[in-house]
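Here is the file start_8.cif (mmCIF, N, CA and C atoms).
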```cif
data_entry
#
loop_
_atom_site.label_atom_id
_atom_site.label_comp_id
_atom_site.auth_asym_id
_atom_site.auth_seq_id
_atom_site.Cartn_x
_atom_site.Cartn_y
_atom_site.Cartn_z
N MET A 1 -11.46 -23.43 -11.24
CA MET A 1 -11.31 -24.70 -11.92
C MET A 1 -11.53 -24.48 -13.41
N GLN A 2 -10.58 -24.87 -14.22
CA GLN A 2 -10.73 -24.78 -15.66
C GLN A 2 -11.12 -26.15 -16.20
N THR A 3 -12.09 -26.14 -17.09
CA THR A 3 -12.53 -27.38 -17.71
C THR A 3 -12.76 -27.13 -19.19
N ILE A 4 -12.93 -28.19 -19.93
CA ILE A 4 -13.22 -28.10 -21.36
C ILE A 4 -14.66 -28.53 -21.57
N TRP A 5 -15.39 -27.78 -22.35
CA TRP A 5 -16.73 -28.05 -22.83
C TRP A 5 -17.80 -27.82 -21.77
N LEU A 6 -17.71 -28.46 -20.63
CA LEU A 6 -18.68 -28.29 -19.54
C LEU A 6 -17.97 -27.65 -18.35
N GLY A 7 -18.77 -27.14 -17.41
CA GLY A 7 -18.20 -26.63 -16.16
C GLY A 7 -17.95 -27.78 -15.19
N GLY A 8 -17.30 -27.47 -14.10
CA GLY A 8 -16.97 -28.49 -13.10
C GLY A 8 -18.19 -29.21 -12.56
N ALA A 9 -19.24 -28.47 -12.24
CA ALA A 9 -20.46 -29.09 -11.70
C ALA A 9 -21.10 -30.02 -12.72
N GLU A 10 -21.05 -29.64 -13.99
CA GLU A 10 -21.62 -30.49 -15.02
C GLU A 10 -20.81 -31.78 -15.21
N TRP A 11 -19.47 -31.67 -15.15
CA TRP A 11 -18.65 -32.87 -15.25
C TRP A 11 -18.90 -33.81 -14.08
N LEU A 12 -19.11 -33.24 -12.90
CA LEU A 12 -19.44 -34.08 -11.75
C LEU A 12 -20.80 -34.76 -11.94
N ALA A 13 -21.73 -34.05 -12.57
CA ALA A 13 -23.03 -34.66 -12.87
C ALA A 13 -22.86 -35.81 -13.87
N VAL A 14 -21.99 -35.64 -14.85
CA VAL A 14 -21.70 -36.73 -15.80
C VAL A 14 -21.15 -37.94 -15.04
N LEU A 15 -20.24 -37.70 -14.11
CA LEU A 15 -19.68 -38.78 -13.31
C LEU A 15 -20.78 -39.46 -12.48
N ARG A 16 -21.66 -38.67 -11.87
CA ARG A 16 -22.78 -39.21 -11.09
C ARG A 16 -23.71 -40.06 -11.95
N ILE A 17 -24.05 -39.55 -13.11
CA ILE A 17 -24.95 -40.28 -14.01
C ILE A 17 -24.29 -41.56 -14.50
N GLY A 18 -23.01 -41.49 -14.83
CA GLY A 18 -22.29 -42.69 -15.25
C GLY A 18 -22.26 -43.75 -14.16
N LEU A 19 -22.05 -43.32 -12.92
CA LEU A 19 -22.08 -44.27 -11.80
C LEU A 19 -23.47 -44.87 -11.64
N GLY A 20 -24.49 -44.04 -11.81
CA GLY A 20 -25.86 -44.54 -11.75
C GLY A 20 -26.14 -45.57 -12.84
N LEU A 21 -25.65 -45.31 -14.04
CA LEU A 21 -25.81 -46.28 -15.13
C LEU A 21 -25.08 -47.58 -14.83
N TRP A 22 -23.94 -47.48 -14.15
CA TRP A 22 -23.19 -48.67 -13.75
C TRP A 22 -24.03 -49.51 -12.77
N TRP A 23 -24.67 -48.85 -11.80
CA TRP A 23 -25.54 -49.56 -10.86
C TRP A 23 -26.73 -50.17 -11.59
N LEU A 24 -27.31 -49.44 -12.53
CA LEU A 24 -28.44 -49.97 -13.29
C LEU A 24 -28.03 -51.19 -14.10
N GLU A 25 -26.83 -51.19 -14.65
CA GLU A 25 -26.33 -52.35 -15.38
C GLU A 25 -26.12 -53.53 -14.43
N SER A 26 -25.64 -53.26 -13.22
CA SER A 26 -25.50 -54.34 -12.23
C SER A 26 -26.86 -54.97 -11.93
N TRP A 27 -27.89 -54.13 -11.86
CA TRP A 27 -29.25 -54.63 -11.61
C TRP A 27 -29.79 -55.37 -12.84
N ARG A 28 -29.58 -54.78 -14.02
CA ARG A 28 -30.14 -55.34 -15.26
C ARG A 28 -29.60 -56.74 -15.55
N HIS A 29 -28.32 -56.95 -15.33
CA HIS A 29 -27.75 -58.25 -15.72
C HIS A 29 -27.97 -59.36 -14.69
N LYS A 30 -28.52 -59.01 -13.53
CA LYS A 30 -28.82 -60.04 -12.53
C LYS A 30 -30.04 -60.85 -12.97
N ASP A 31 -29.96 -62.15 -12.77
CA ASP A 31 -31.12 -63.01 -13.00
C ASP A 31 -31.97 -62.89 -11.73
N ARG A 32 -32.92 -61.95 -11.76
CA ARG A 32 -33.70 -61.66 -10.56
C ARG A 32 -34.54 -62.85 -10.10
N LYS A 33 -34.99 -63.65 -11.03
CA LYS A 33 -35.76 -64.84 -10.64
C LYS A 33 -34.86 -65.81 -9.87
N ALA A 34 -33.65 -66.00 -10.37
CA ALA A 34 -32.71 -66.89 -9.68
C ALA A 34 -32.33 -66.32 -8.31
N TRP A 35 -32.09 -65.01 -8.26
CA TRP A 35 -31.71 -64.37 -7.00
C TRP A 35 -32.83 -64.44 -5.99
N CYS A 36 -34.03 -64.02 -6.39
CA CYS A 36 -35.11 -63.84 -5.42
C CYS A 36 -35.93 -65.11 -5.19
N ALA A 37 -36.16 -65.91 -6.20
CA ALA A 37 -36.98 -67.12 -6.04
C ALA A 37 -36.15 -68.31 -5.59
N ARG A 38 -34.98 -68.46 -6.19
CA ARG A 38 -34.16 -69.64 -5.88
C ARG A 38 -33.01 -69.35 -4.93
N GLY A 39 -32.73 -68.07 -4.69
CA GLY A 39 -31.69 -67.71 -3.71
C GLY A 39 -30.27 -67.95 -4.16
N THR A 40 -30.03 -67.95 -5.47
CA THR A 40 -28.69 -68.28 -5.97
C THR A 40 -27.63 -67.26 -5.56
N GLY A 41 -27.96 -65.98 -5.58
CA GLY A 41 -26.98 -64.95 -5.26
C GLY A 41 -26.52 -65.02 -3.82
N ILE A 42 -27.47 -65.17 -2.91
CA ILE A 42 -27.12 -65.24 -1.49
C ILE A 42 -26.42 -66.57 -1.19
N ALA A 43 -26.82 -67.64 -1.86
CA ALA A 43 -26.14 -68.93 -1.67
C ALA A 43 -24.68 -68.82 -2.11
N TRP A 44 -24.44 -68.14 -3.24
CA TRP A 44 -23.07 -67.94 -3.69
C TRP A 44 -22.29 -67.10 -2.68
N ALA A 45 -22.91 -66.02 -2.19
CA ALA A 45 -22.25 -65.16 -1.20
C ALA A 45 -21.98 -65.92 0.10
N ALA A 46 -22.91 -66.80 0.49
CA ALA A 46 -22.71 -67.61 1.70
C ALA A 46 -21.50 -68.52 1.54
N ASP A 47 -21.33 -69.08 0.36
CA ASP A 47 -20.18 -69.93 0.10
C ASP A 47 -18.88 -69.13 0.17
N VAL A 48 -18.90 -67.92 -0.41
CA VAL A 48 -17.72 -67.04 -0.34
C VAL A 48 -17.42 -66.68 1.11
N ALA A 49 -18.46 -66.30 1.86
CA ALA A 49 -18.27 -65.89 3.25
C ALA A 49 -17.76 -67.06 4.11
N ALA A 50 -18.28 -68.26 3.87
CA ALA A 50 -17.88 -69.43 4.67
C ALA A 50 -16.39 -69.74 4.51
N LYS A 51 -15.83 -69.42 3.33
CA LYS A 51 -14.42 -69.70 3.06
C LYS A 51 -13.52 -68.50 3.33
N HIS A 52 -14.11 -67.39 3.77
CA HIS A 52 -13.36 -66.15 3.95
C HIS A 52 -12.33 -66.31 5.06
N ARG A 53 -11.15 -65.76 4.85
CA ARG A 53 -10.10 -65.92 5.86
C ARG A 53 -10.31 -65.02 7.07
N TRP A 54 -11.15 -63.99 6.95
CA TRP A 54 -11.41 -63.10 8.08
C TRP A 54 -12.64 -63.59 8.84
N ARG A 55 -12.43 -63.96 10.07
CA ARG A 55 -13.52 -64.47 10.90
C ARG A 55 -14.65 -63.45 11.06
N THR A 56 -14.32 -62.18 11.09
CA THR A 56 -15.33 -61.12 11.22
C THR A 56 -16.31 -61.15 10.06
N VAL A 57 -15.81 -61.41 8.87
CA VAL A 57 -16.69 -61.48 7.70
C VAL A 57 -17.61 -62.68 7.82
N ARG A 58 -17.06 -63.81 8.20
CA ARG A 58 -17.89 -65.02 8.36
C ARG A 58 -18.97 -64.80 9.41
N ARG A 59 -18.58 -64.26 10.56
CA ARG A 59 -19.54 -64.02 11.65
C ARG A 59 -20.60 -62.99 11.23
N GLY A 60 -20.16 -61.92 10.60
CA GLY A 60 -21.09 -60.89 10.17
C GLY A 60 -22.10 -61.42 9.18
N PHE A 61 -21.63 -62.18 8.21
CA PHE A 61 -22.54 -62.77 7.22
C PHE A 61 -23.52 -63.73 7.89
N ASP A 62 -23.00 -64.56 8.79
CA ASP A 62 -23.86 -65.53 9.47
C ASP A 62 -24.91 -64.84 10.35
N ALA A 63 -24.57 -63.68 10.91
CA ALA A 63 -25.50 -62.98 11.79
C ALA A 63 -26.52 -62.13 11.04
N VAL A 64 -26.09 -61.51 9.93
CA VAL A 64 -26.95 -60.54 9.25
C VAL A 64 -27.65 -61.10 8.02
N VAL A 65 -26.92 -61.84 7.21
CA VAL A 65 -27.45 -62.27 5.92
C VAL A 65 -28.04 -63.68 5.97
N LYS A 66 -27.30 -64.61 6.50
CA LYS A 66 -27.68 -66.02 6.46
C LYS A 66 -29.08 -66.32 7.04
N PRO A 67 -29.49 -65.68 8.13
CA PRO A 67 -30.83 -65.98 8.67
C PRO A 67 -31.98 -65.50 7.78
N TYR A 68 -31.71 -64.59 6.86
CA TYR A 68 -32.75 -63.97 6.03
C TYR A 68 -32.38 -64.00 4.55
N PRO A 69 -32.13 -65.16 3.97
CA PRO A 69 -31.61 -65.19 2.60
C PRO A 69 -32.56 -64.57 1.56
N LYS A 70 -33.84 -64.84 1.67
CA LYS A 70 -34.78 -64.30 0.68
C LYS A 70 -34.88 -62.78 0.80
N THR A 71 -35.01 -62.31 2.03
CA THR A 71 -35.08 -60.85 2.26
C THR A 71 -33.81 -60.17 1.77
N MET A 72 -32.67 -60.75 2.08
CA MET A 72 -31.40 -60.13 1.68
C MET A 72 -31.22 -60.15 0.17
N ALA A 73 -31.75 -61.16 -0.50
CA ALA A 73 -31.68 -61.20 -1.96
C ALA A 73 -32.45 -60.01 -2.53
N TYR A 74 -33.64 -59.78 -2.03
CA TYR A 74 -34.43 -58.62 -2.47
C TYR A 74 -33.72 -57.31 -2.13
N VAL A 75 -33.12 -57.23 -0.95
CA VAL A 75 -32.42 -56.01 -0.54
C VAL A 75 -31.29 -55.71 -1.51
N VAL A 76 -30.48 -56.70 -1.82
CA VAL A 76 -29.34 -56.49 -2.73
C VAL A 76 -29.81 -56.09 -4.12
N VAL A 77 -30.73 -56.87 -4.67
CA VAL A 77 -31.18 -56.64 -6.04
C VAL A 77 -31.82 -55.25 -6.18
N TYR A 78 -32.73 -54.93 -5.27
CA TYR A 78 -33.46 -53.66 -5.42
C TYR A 78 -32.70 -52.47 -4.86
N ALA A 79 -31.68 -52.70 -4.03
CA ALA A 79 -30.79 -51.61 -3.64
C ALA A 79 -30.01 -51.13 -4.85
N GLU A 80 -29.56 -52.06 -5.68
CA GLU A 80 -28.83 -51.68 -6.89
C GLU A 80 -29.72 -50.88 -7.84
N LEU A 81 -30.98 -51.28 -7.97
CA LEU A 81 -31.92 -50.52 -8.80
C LEU A 81 -32.15 -49.12 -8.21
N ALA A 82 -32.38 -49.04 -6.92
CA ALA A 82 -32.63 -47.75 -6.27
C ALA A 82 -31.42 -46.83 -6.38
N LEU A 83 -30.23 -47.38 -6.20
CA LEU A 83 -29.01 -46.58 -6.33
C LEU A 83 -28.87 -46.05 -7.75
N GLY A 84 -29.09 -46.91 -8.72
CA GLY A 84 -28.99 -46.49 -10.12
C GLY A 84 -29.96 -45.39 -10.46
N LEU A 85 -31.21 -45.57 -10.10
CA LEU A 85 -32.22 -44.55 -10.39
C LEU A 85 -31.95 -43.25 -9.64
N GLY A 86 -31.59 -43.37 -8.38
CA GLY A 86 -31.29 -42.18 -7.58
C GLY A 86 -30.15 -41.37 -8.16
N LEU A 87 -29.12 -42.04 -8.63
CA LEU A 87 -27.96 -41.33 -9.17
C LEU A 87 -28.22 -40.78 -10.57
N VAL A 88 -28.87 -41.54 -11.43
CA VAL A 88 -29.16 -41.04 -12.77
C VAL A 88 -30.09 -39.84 -12.70
N LEU A 89 -31.11 -39.93 -11.86
CA LEU A 89 -32.06 -38.82 -11.73
C LEU A 89 -31.56 -37.72 -10.81
N GLY A 90 -30.56 -38.02 -10.01
CA GLY A 90 -30.08 -37.04 -9.05
C GLY A 90 -31.10 -36.80 -7.95
N PHE A 91 -31.73 -37.88 -7.49
CA PHE A 91 -32.74 -37.78 -6.43
C PHE A 91 -32.17 -38.36 -5.14
N LEU A 92 -32.16 -37.54 -4.09
CA LEU A 92 -31.54 -37.91 -2.81
C LEU A 92 -30.08 -38.34 -3.06
N THR A 93 -29.41 -37.55 -3.85
CA THR A 93 -28.06 -37.87 -4.32
C THR A 93 -27.09 -38.21 -3.19
N PRO A 94 -26.98 -37.38 -2.14
CA PRO A 94 -26.01 -37.74 -1.09
C PRO A 94 -26.32 -39.07 -0.41
N VAL A 95 -27.60 -39.36 -0.25
CA VAL A 95 -28.01 -40.64 0.35
C VAL A 95 -27.61 -41.78 -0.57
N ALA A 96 -27.89 -41.65 -1.87
CA ALA A 96 -27.54 -42.69 -2.83
C ALA A 96 -26.03 -42.90 -2.89
N LEU A 97 -25.28 -41.80 -2.87
CA LEU A 97 -23.82 -41.92 -2.92
C LEU A 97 -23.26 -42.60 -1.67
N ALA A 98 -23.74 -42.22 -0.51
CA ALA A 98 -23.25 -42.82 0.74
C ALA A 98 -23.63 -44.30 0.80
N CYS A 99 -24.87 -44.63 0.44
CA CYS A 99 -25.30 -46.03 0.46
C CYS A 99 -24.56 -46.85 -0.60
N GLY A 100 -24.32 -46.25 -1.77
CA GLY A 100 -23.57 -46.94 -2.81
C GLY A 100 -22.15 -47.24 -2.38
N ALA A 101 -21.51 -46.25 -1.75
CA ALA A 101 -20.14 -46.46 -1.27
C ALA A 101 -20.12 -47.58 -0.23
N LEU A 102 -21.10 -47.59 0.66
CA LEU A 102 -21.17 -48.63 1.68
C LEU A 102 -21.39 -50.00 1.05
N LEU A 103 -22.29 -50.10 0.09
CA LEU A 103 -22.55 -51.38 -0.56
C LEU A 103 -21.30 -51.86 -1.32
N ASN A 104 -20.63 -50.94 -2.02
CA ASN A 104 -19.40 -51.34 -2.71
C ASN A 104 -18.32 -51.79 -1.73
N LEU A 105 -18.22 -51.13 -0.60
CA LEU A 105 -17.22 -51.53 0.40
C LEU A 105 -17.57 -52.90 0.99
N LEU A 106 -18.86 -53.16 1.19
CA LEU A 106 -19.27 -54.49 1.66
C LEU A 106 -18.93 -55.56 0.62
N TYR A 107 -19.21 -55.27 -0.65
CA TYR A 107 -18.85 -56.20 -1.72
C TYR A 107 -17.33 -56.40 -1.75
N LEU A 108 -16.60 -55.32 -1.61
CA LEU A 108 -15.14 -55.37 -1.66
C LEU A 108 -14.59 -56.26 -0.56
N VAL A 109 -15.09 -56.09 0.65
CA VAL A 109 -14.61 -56.89 1.78
C VAL A 109 -15.02 -58.36 1.62
N LEU A 110 -16.25 -58.62 1.20
CA LEU A 110 -16.69 -60.00 1.03
C LEU A 110 -15.86 -60.71 -0.03
N MET A 111 -15.57 -60.01 -1.11
CA MET A 111 -14.86 -60.64 -2.23
C MET A 111 -13.41 -60.17 -2.31
N ILE A 112 -12.79 -59.98 -1.16
CA ILE A 112 -11.43 -59.42 -1.09
C ILE A 112 -10.41 -60.24 -1.89
N HIS A 113 -10.69 -61.50 -2.09
CA HIS A 113 -9.73 -62.37 -2.80
C HIS A 113 -10.07 -62.56 -4.27
N ASP A 114 -11.14 -61.93 -4.74
CA ASP A 114 -11.55 -62.03 -6.14
C ASP A 114 -11.10 -60.76 -6.87
N TRP A 115 -9.93 -60.83 -7.48
CA TRP A 115 -9.34 -59.63 -8.08
C TRP A 115 -10.16 -59.06 -9.22
N ALA A 116 -10.95 -59.89 -9.88
CA ALA A 116 -11.78 -59.38 -10.97
C ALA A 116 -12.81 -58.39 -10.46
N GLU A 117 -13.31 -58.57 -9.26
CA GLU A 117 -14.32 -57.69 -8.69
C GLU A 117 -13.73 -56.47 -7.99
N GLN A 118 -12.49 -56.57 -7.56
CA GLN A 118 -11.94 -55.50 -6.74
C GLN A 118 -11.81 -54.17 -7.48
N GLY A 119 -11.45 -54.21 -8.74
CA GLY A 119 -11.33 -52.97 -9.50
C GLY A 119 -12.66 -52.26 -9.60
N GLN A 120 -13.70 -53.00 -9.92
CA GLN A 120 -15.03 -52.42 -10.06
C GLN A 120 -15.50 -51.83 -8.74
N ASN A 121 -15.43 -52.59 -7.67
CA ASN A 121 -15.93 -52.11 -6.38
C ASN A 121 -15.10 -50.96 -5.84
N GLY A 122 -13.80 -51.03 -6.01
CA GLY A 122 -12.94 -49.94 -5.56
C GLY A 122 -13.23 -48.64 -6.32
N MET A 123 -13.35 -48.75 -7.64
CA MET A 123 -13.62 -47.54 -8.44
C MET A 123 -15.01 -46.97 -8.17
N MET A 124 -16.00 -47.84 -8.03
CA MET A 124 -17.34 -47.34 -7.75
C MET A 124 -17.40 -46.66 -6.38
N ALA A 125 -16.72 -47.23 -5.39
CA ALA A 125 -16.68 -46.59 -4.06
C ALA A 125 -15.95 -45.25 -4.13
N LEU A 126 -14.85 -45.19 -4.88
CA LEU A 126 -14.11 -43.94 -5.03
C LEU A 126 -14.97 -42.87 -5.71
N ILE A 127 -15.64 -43.23 -6.78
CA ILE A 127 -16.51 -42.28 -7.48
C ILE A 127 -17.62 -41.81 -6.55
N SER A 128 -18.17 -42.71 -5.75
CA SER A 128 -19.22 -42.33 -4.80
C SER A 128 -18.70 -41.31 -3.80
N LEU A 129 -17.52 -41.53 -3.27
CA LEU A 129 -16.96 -40.60 -2.29
C LEU A 129 -16.62 -39.25 -2.92
N VAL A 130 -16.05 -39.26 -4.11
CA VAL A 130 -15.77 -38.00 -4.81
C VAL A 130 -17.07 -37.26 -5.07
N GLY A 131 -18.07 -37.97 -5.58
CA GLY A 131 -19.36 -37.35 -5.85
C GLY A 131 -20.01 -36.80 -4.60
N LEU A 132 -19.90 -37.53 -3.50
CA LEU A 132 -20.49 -37.09 -2.23
C LEU A 132 -19.84 -35.80 -1.74
N PHE A 133 -18.52 -35.78 -1.68
CA PHE A 133 -17.82 -34.62 -1.14
C PHE A 133 -17.78 -33.44 -2.11
N ALA A 134 -17.94 -33.71 -3.40
CA ALA A 134 -17.99 -32.62 -4.38
C ALA A 134 -19.42 -32.16 -4.63
N MET A 135 -20.39 -32.78 -3.95
CA MET A 135 -21.79 -32.40 -4.07
C MET A 135 -22.25 -32.45 -5.53
N CYS A 136 -22.14 -33.62 -6.13
CA CYS A 136 -22.38 -33.76 -7.56
C CYS A 136 -23.85 -33.71 -7.97
N GLY A 137 -24.74 -33.45 -7.04
CA GLY A 137 -26.15 -33.32 -7.38
C GLY A 137 -26.58 -31.88 -7.60
N GLN A 138 -25.62 -30.98 -7.79
CA GLN A 138 -25.93 -29.55 -7.92
C GLN A 138 -26.59 -29.19 -9.24
N VAL A 139 -26.34 -29.96 -10.27
CA VAL A 139 -26.93 -29.68 -11.58
C VAL A 139 -27.49 -30.98 -12.16
N TRP A 140 -28.41 -30.81 -13.12
CA TRP A 140 -29.01 -31.93 -13.83
C TRP A 140 -29.59 -32.97 -12.86
N SER A 141 -30.31 -32.50 -11.85
CA SER A 141 -30.82 -33.42 -10.85
C SER A 141 -32.17 -32.97 -10.31
N VAL A 142 -32.92 -33.94 -9.83
CA VAL A 142 -34.17 -33.65 -9.14
C VAL A 142 -33.87 -32.86 -7.87
N ASP A 143 -32.77 -33.19 -7.21
CA ASP A 143 -32.38 -32.46 -6.00
C ASP A 143 -32.24 -30.97 -6.28
N ALA A 144 -31.58 -30.61 -7.37
CA ALA A 144 -31.39 -29.21 -7.71
C ALA A 144 -32.73 -28.55 -8.03
N ALA A 145 -33.58 -29.27 -8.76
CA ALA A 145 -34.89 -28.72 -9.11
C ALA A 145 -35.75 -28.47 -7.88
N LEU A 146 -35.59 -29.30 -6.86
CA LEU A 146 -36.36 -29.15 -5.62
C LEU A 146 -35.66 -28.28 -4.57
N GLY A 147 -34.42 -27.89 -4.87
CA GLY A 147 -33.66 -27.07 -3.93
C GLY A 147 -33.13 -27.85 -2.73
N LEU A 148 -32.91 -29.14 -2.90
CA LEU A 148 -32.41 -29.98 -1.81
C LEU A 148 -30.88 -29.96 -1.77
N PHE A 149 -30.32 -30.12 -0.60
CA PHE A 149 -28.89 -30.33 -0.37
C PHE A 149 -28.01 -29.20 -0.93
N ARG A 150 -28.43 -27.99 -0.75
CA ARG A 150 -27.62 -26.85 -1.23
C ARG A 150 -26.45 -26.60 -0.35
#
```
Can the structure in the file be given as structure tokens, please?
Amino acid sequence: MQTIWLGGAEWLAVLRIGLGLWWLESWRHKDRKAWCARGTGIAWAADVAAKHRWRTVRRGFDAVVKPYPKTMAYVVVYAELALGLGLVLGFLTPVALACGALLNLLYLVLMIHDWAEQGQNGMMALISLVGLFAMCGQVWSVDAALGLFR
């Protein structure tokens, strides 16, 4: 593989860190008080799910998320923080990438009719999959320093 300036593993680390920063920005711009104390994020998602044309999405949301709105608000908000930190630091990188891809795919399916969100979720899921299969935690990571996932 020929590259300019950095090697292939380093460019993949740049991609991993950039994805982590994207997750951190998703966490940073959320009104955590509104999400966790008032339940605004889950209420919005419940409204989206209730109007969803796919019955599976409505049923899944009603079974998994709707009974636990406060817990799910914390899960969403702090999953984004954990993903961001894990990817920027390169800690448990494959786990963070797989979980990030799954979360983006869940967002993508829930908001399938919101074209503004589809580009972001599709690209983040793609970057996660590329990073996962290219083992992007090989350099500039806690994983590499600890000798994990070689």
From the options A:Leu24, A:Leu129, A:Ala43, A:Trp11, which residue's atoms come nearest to Ala101 of chain A, counting only C-alpha atoms?
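Under the stated criterion, the closest residue is A:Leu129.
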Hey, what's within 8 Å of segment 49-65 of chain A if we count only N, CA and C atoms and toss same-chain stuff fewer than 6 positions away? As a list in words, please?
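Residues near the query, excluding close chain neighbours: Ile42, Ala43, Thr71, Met72, Ala73, Val109, Leu110 and Met111 of chain A.
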Enumerate, as a PyMOL selection string, the residues matched when the PyMOL selection byres ((chain A and resi 88) around 6) is run on the file above.
chain A and resi 16-17+20-21+83-87+89-91
Could you tell me, as JSON, numbers by chain, exactly which residues end up selected when the PyMOL selection byres (((chain A and resi 121 and name CA) around 8) and name CA) is applied to this structure?
{"A": [104, 105, 107, 108, 117, 118, 119, 120, 122, 123, 124, 125]}
Looking only at the backbone, which of the residues in segment 45-128 of chain A does DSSP tag as alpha helix (DSSP H), as a ChimeraX atom specification?
/A:45-50,55-64,69-89,93-110,115-128
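Note that the spacing between atom CA of Val139 of chain A and atom CA of Gly18 of chain A amounts to 14.3 Å.
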I need the output of the PyMOL selection byres (((chain A and resi 13 and name CA) around 12) and name CA) for this file as a short mmCIF file (atom, residue, chain, number, x, y, z; two decimals) with N, CA and C atoms, keeping the file's coordinate frame; which residues are they?
```
data_model
loop_
_atom_site.label_atom_id
_atom_site.label_comp_id
_atom_site.auth_asym_id
_atom_site.auth_seq_id
_atom_site.Cartn_x
_atom_site.Cartn_y
_atom_site.Cartn_z
N LEU A 6 -17.71 -28.46 -20.63
CA LEU A 6 -18.68 -28.29 -19.54
C LEU A 6 -17.97 -27.65 -18.35
N GLY A 7 -18.77 -27.14 -17.41
CA GLY A 7 -18.20 -26.63 -16.16
C GLY A 7 -17.95 -27.78 -15.19
N GLY A 8 -17.30 -27.47 -14.10
CA GLY A 8 -16.97 -28.49 -13.10
C GLY A 8 -18.19 -29.21 -12.56
N ALA A 9 -19.24 -28.47 -12.24
CA ALA A 9 -20.46 -29.09 -11.70
C ALA A 9 -21.10 -30.02 -12.72
N GLU A 10 -21.05 -29.64 -13.99
CA GLU A 10 -21.62 -30.49 -15.02
C GLU A 10 -20.81 -31.78 -15.21
N TRP A 11 -19.47 -31.67 -15.15
CA TRP A 11 -18.65 -32.87 -15.25
C TRP A 11 -18.90 -33.81 -14.08
N LEU A 12 -19.11 -33.24 -12.90
CA LEU A 12 -19.44 -34.08 -11.75
C LEU A 12 -20.80 -34.76 -11.94
N VAL A 14 -21.99 -35.64 -14.85
CA VAL A 14 -21.70 -36.73 -15.80
C VAL A 14 -21.15 -37.94 -15.04
N LEU A 15 -20.24 -37.70 -14.11
CA LEU A 15 -19.68 -38.78 -13.31
C LEU A 15 -20.78 -39.46 -12.48
N ARG A 16 -21.66 -38.67 -11.87
CA ARG A 16 -22.78 -39.21 -11.09
C ARG A 16 -23.71 -40.06 -11.95
N ILE A 17 -24.05 -39.55 -13.11
CA ILE A 17 -24.95 -40.28 -14.01
C ILE A 17 -24.29 -41.56 -14.50
N GLY A 18 -23.01 -41.49 -14.83
CA GLY A 18 -22.29 -42.69 -15.25
C GLY A 18 -22.26 -43.75 -14.16
N LEU A 19 -22.05 -43.32 -12.92
CA LEU A 19 -22.08 -44.27 -11.80
C LEU A 19 -23.47 -44.87 -11.64
N GLY A 20 -24.49 -44.04 -11.81
CA GLY A 20 -25.86 -44.54 -11.75
C GLY A 20 -26.14 -45.57 -12.84
N LEU A 87 -29.12 -42.04 -8.63
CA LEU A 87 -27.96 -41.33 -9.17
C LEU A 87 -28.22 -40.78 -10.57
N VAL A 88 -28.87 -41.54 -11.43
CA VAL A 88 -29.16 -41.04 -12.77
C VAL A 88 -30.09 -39.84 -12.70
N LEU A 89 -31.11 -39.93 -11.86
CA LEU A 89 -32.06 -38.82 -11.73
C LEU A 89 -31.56 -37.72 -10.81
N GLY A 90 -30.56 -38.02 -10.01
CA GLY A 90 -30.08 -37.04 -9.05
C GLY A 90 -31.10 -36.80 -7.95
N THR A 93 -29.41 -37.55 -3.85
CA THR A 93 -28.06 -37.87 -4.32
C THR A 93 -27.09 -38.21 -3.19
N ILE A 127 -15.64 -43.23 -6.78
CA ILE A 127 -16.51 -42.28 -7.48
C ILE A 127 -17.62 -41.81 -6.55
N SER A 128 -18.17 -42.71 -5.75
CA SER A 128 -19.22 -42.33 -4.80
C SER A 128 -18.70 -41.31 -3.80
N VAL A 130 -16.05 -39.26 -4.11
CA VAL A 130 -15.77 -38.00 -4.81
C VAL A 130 -17.07 -37.26 -5.07
N GLY A 131 -18.07 -37.97 -5.58
CA GLY A 131 -19.36 -37.35 -5.85
C GLY A 131 -20.01 -36.80 -4.60
N LEU A 132 -19.90 -37.53 -3.50
CA LEU A 132 -20.49 -37.09 -2.23
C LEU A 132 -19.84 -35.80 -1.74
N ALA A 134 -17.94 -33.71 -3.40
CA ALA A 134 -17.99 -32.62 -4.38
C ALA A 134 -19.42 -32.16 -4.63
N MET A 135 -20.39 -32.78 -3.95
CA MET A 135 -21.79 -32.40 -4.07
C MET A 135 -22.25 -32.45 -5.53
N CYS A 136 -22.14 -33.62 -6.13
CA CYS A 136 -22.38 -33.76 -7.56
C CYS A 136 -23.85 -33.71 -7.97
N GLY A 137 -24.74 -33.45 -7.04
CA GLY A 137 -26.15 -33.32 -7.38
C GLY A 137 -26.58 -31.88 -7.60
N GLN A 138 -25.62 -30.98 -7.79
CA GLN A 138 -25.93 -29.55 -7.92
C GLN A 138 -26.59 -29.19 -9.24
N VAL A 139 -26.34 -29.96 -10.27
CA VAL A 139 -26.93 -29.68 -11.58
C VAL A 139 -27.49 -30.98 -12.16
N TRP A 140 -28.41 -30.81 -13.12
CA TRP A 140 -29.01 -31.93 -13.83
C TRP A 140 -29.59 -32.97 -12.86
N SER A 141 -30.31 -32.50 -11.85
CA SER A 141 -30.82 -33.42 -10.85
C SER A 141 -32.17 -32.97 -10.31
N VAL A 142 -32.92 -33.94 -9.83
CA VAL A 142 -34.17 -33.65 -9.14
C VAL A 142 -33.87 -32.86 -7.87
N ASP A 143 -32.77 -33.19 -7.21
CA ASP A 143 -32.38 -32.46 -6.00
C ASP A 143 -32.24 -30.97 -6.28
N ALA A 144 -31.58 -30.61 -7.37
CA ALA A 144 -31.39 -29.21 -7.71
C ALA A 144 -32.73 -28.55 -8.03
#
```
Could you tell me how far atom CA of Ala34 of chain A lies from atom CA of Ile112 of chain A, in Å and to one decimal?
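We find that atom CA of Ala34 of chain A and atom CA of Ile112 of chain A lie 24.1 Å from each other.
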With 3 Å added on each side, what axis-aligned box encloses every listed atom of segment 48-65 of chain A? Give the centre and edge lengths in Å to one decimal, as AutoDock Vina command-line options.
```
--center_x -19.1 --center_y -65.1 --center_z 5.7 --size_x 23.9 --size_y 15.2 --size_z 18.2
```
One decimal place gives the atom N of Pro67 of chain A-atom CA of Ser26 of chain A separation as 23.6 Å
In terms of the shortest atom-to-atom distance over only C-alpha atoms, which of A:Asp114, A:Trp35, A:Leu92, A:Val48 is closest to Val75 of chain A?
A:Trp35
